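A quick write-up on the structure given underneath.
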Amino acid sequence: MLIYSSSEVEMDLSVVPLHHNKKYMSNCCKLINDEWKRSETARMRSLESSSDKLPTSLILLKNEDVIGHLKLSPVPSIPDACFVESVVIERGLRGKGFGTVLMEKAEAYCKKCLQLKTIYLSTKGQEGFYSKLGYMECQPISIYGNYTPTSTTNHKIMNDCNNSRHGVPKPPPMPSFQVNNKHKTYMKKELT
Ligand code: ACO
């Protein structure tokens with residue numbers, strides 16, 4: 001599956017799903033681990049979970065080189081949204097517009113192929129990059145549970161669940177860093 005392709009003199013750019021192009025798995029792993037160090041085994045396991053349904057890893061290829069990656073993860077409480085994470089462009093190629101190409105093609109993929117309406121993300125330091133792409137600051141959301149911590153309605157659902165009716169066990173508590181971490185900025189973009 002080809003999401004995007006552009007041919008210019010000496011430069012072929014394309015954005016493709018990693019799971020349809022598994023030969024790039026190892027180089028993709030290196031690209032991400034160069035930015036966020038993690039065991040290769042754990043990183044490969046995460047990349048191997050990519051599929052046509054979320055989660056999906058998309059890669060940006062320049063000629064035959066993997067120069068960018070991002071992962072689209074589900075938001076359990078919002079079925080028509082996804083959470084974009086691990087956005088990275090190869091160090092030596094930053095500031096040349098490649099991050100913009102990758103994000104814009106990922107948005108088109110979310111809208112056309114996945115029929116999603118909203119993209120969420122969180123960032124610590126790249127707010128300027130995302131606001132140039134049209135992302136607006138928003139309330140934190142959870143990608144772990146089936147509720148959002150700041151939504152009154154969902155708090156109510158959570159409270160109902162906490163009554164533990166019919167002998168159903170209480171769900172685990174919300175990971176505290178999602179609620180208390182003041183350093184991350186959550187942002188969202190509606191895909192119009
Ligand atoms: N603050 C303000 N503006 C920025 C920033 C920033 N941190 N980064 C880029 N921009 C601007 C650029 O100057 C450019 O502006 P212009 O159009 O006026 O020239 C515009 O945003 C587009 O920049 P690109 O060249 O398309 O961005 P790039 O290819 O460098 O990719 C990225 C941006 C992905 C953030 C890259 O710098 C990178 O890999 N950084 C390290 C990893 C990282 O922090 N990833 C984001 C984690 S958050 C997440 O995954 C949701």
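If you're wondering about the labels, chains in the structure tokens are A, B, ... by order shown, residues count from 1 in each chain, ligands from 1 in order shown.
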
Counting only C-alpha atoms and all ligand atoms, which residues of chain A fall within 10 Å of ligand 1, and what is the closest atom pair for each with its distance in Å at one decimal, ordered by chain and rising number, as a Markdown table?
```
| residue | atom | partner | partner_atom_place_in_ligand_line | distance |
| --- | --- | --- | --- | --- |
| A:Leu31 | CA | ligand 1 | 39 (O) | 9.6 |
| A:Ile32 | CA | ligand 1 | 42 (C) | 8.6 |
| A:Asp34 | CA | ligand 1 | 42 (C) | 9.7 |
| A:Glu35 | CA | ligand 1 | 42 (C) | 6.3 |
| A:Trp36 | CA | ligand 1 | 42 (C) | 8.3 |
| A:Ile67 | CA | ligand 1 | 39 (O) | 9.4 |
| A:Gly68 | CA | ligand 1 | 39 (O) | 7.6 |
| A:His69 | CA | ligand 1 | 34 (C) | 8.6 |
| A:Leu70 | CA | ligand 1 | 50 (O) | 7.0 |
| A:Lys71 | CA | ligand 1 | 50 (O) | 8.1 |
| A:Leu72 | CA | ligand 1 | 51 (C) | 9.7 |
| A:Phe83 | CA | ligand 1 | 51 (C) | 8.1 |
| A:Val84 | CA | ligand 1 | 51 (C) | 5.5 |
| A:Glu85 | CA | ligand 1 | 50 (O) | 3.9 |
| A:Ser86 | CA | ligand 1 | 50 (O) | 3.9 |
| A:Val87 | CA | ligand 1 | 50 (O) | 3.8 |
| A:Val88 | CA | ligand 1 | 39 (O) | 3.5 |
| A:Ile89 | CA | ligand 1 | 39 (O) | 3.8 |
| A:Glu90 | CA | ligand 1 | 39 (O) | 6.3 |
| A:Arg91 | CA | ligand 1 | 39 (O) | 6.6 |
| A:Gly92 | CA | ligand 1 | 30 (O) | 9.2 |
| A:Leu93 | CA | ligand 1 | 29 (O) | 6.6 |
| A:Arg94 | CA | ligand 1 | 30 (O) | 3.4 |
| A:Gly95 | CA | ligand 1 | 25 (O) | 3.3 |
| A:Lys96 | CA | ligand 1 | 25 (O) | 4.1 |
| A:Gly97 | CA | ligand 1 | 26 (O) | 3.2 |
| A:Phe98 | CA | ligand 1 | 29 (O) | 4.1 |
| A:Gly99 | CA | ligand 1 | 29 (O) | 3.4 |
| A:Thr100 | CA | ligand 1 | 26 (O) | 3.7 |
| A:Val101 | CA | ligand 1 | 26 (O) | 6.6 |
| A:Leu102 | CA | ligand 1 | 26 (O) | 8.2 |
| A:Met103 | CA | ligand 1 | 26 (O) | 8.4 |
| A:Glu104 | CA | ligand 1 | 26 (O) | 9.7 |
| A:Tyr120 | CA | ligand 1 | 51 (C) | 8.3 |
| A:Leu121 | CA | ligand 1 | 51 (C) | 4.9 |
| A:Ser122 | CA | ligand 1 | 51 (C) | 5.2 |
| A:Thr123 | CA | ligand 1 | 48 (S) | 4.3 |
| A:Lys124 | CA | ligand 1 | 48 (S) | 6.7 |
| A:Gly125 | CA | ligand 1 | 7 (N) | 5.8 |
| A:Gln126 | CA | ligand 1 | 7 (N) | 3.9 |
| A:Glu127 | CA | ligand 1 | 1 (N) | 6.0 |
| A:Gly128 | CA | ligand 1 | 2 (C) | 3.5 |
| A:Phe129 | CA | ligand 1 | 4 (C) | 3.8 |
| A:Tyr130 | CA | ligand 1 | 21 (O) | 7.2 |
| A:Ser131 | CA | ligand 1 | 3 (N) | 8.2 |
| A:Lys132 | CA | ligand 1 | 21 (O) | 6.1 |
| A:Leu133 | CA | ligand 1 | 21 (O) | 7.8 |
| A:Lys184 | CA | ligand 1 | 48 (S) | 9.4 |
| A:Thr185 | CA | ligand 1 | 48 (S) | 9.5 |
| A:Tyr186 | CA | ligand 1 | 51 (C) | 8.9 |
| A:Met187 | CA | ligand 1 | 51 (C) | 8.8 |
```

Could you list, as a count of residues only, every residue within 10 Å of A:Lys30, counting only C-alpha atoms and ignoring same-chain residues fewer than 6 positions away?
6

Which polymer residues have any atom within 12 Å of an atom of A:Leu2, counting only C-alpha atoms, with same-chain residues fewer than 2 positions away left out, as an NGL selection string?
:A and (4-6 or 13-21 or 58-61 or 105-106 or 109 or 113)

Find the distance between atom CA of A:Leu47 and atom CA of A:Cys110 and write it in Å to one decimal.
18.2 Å
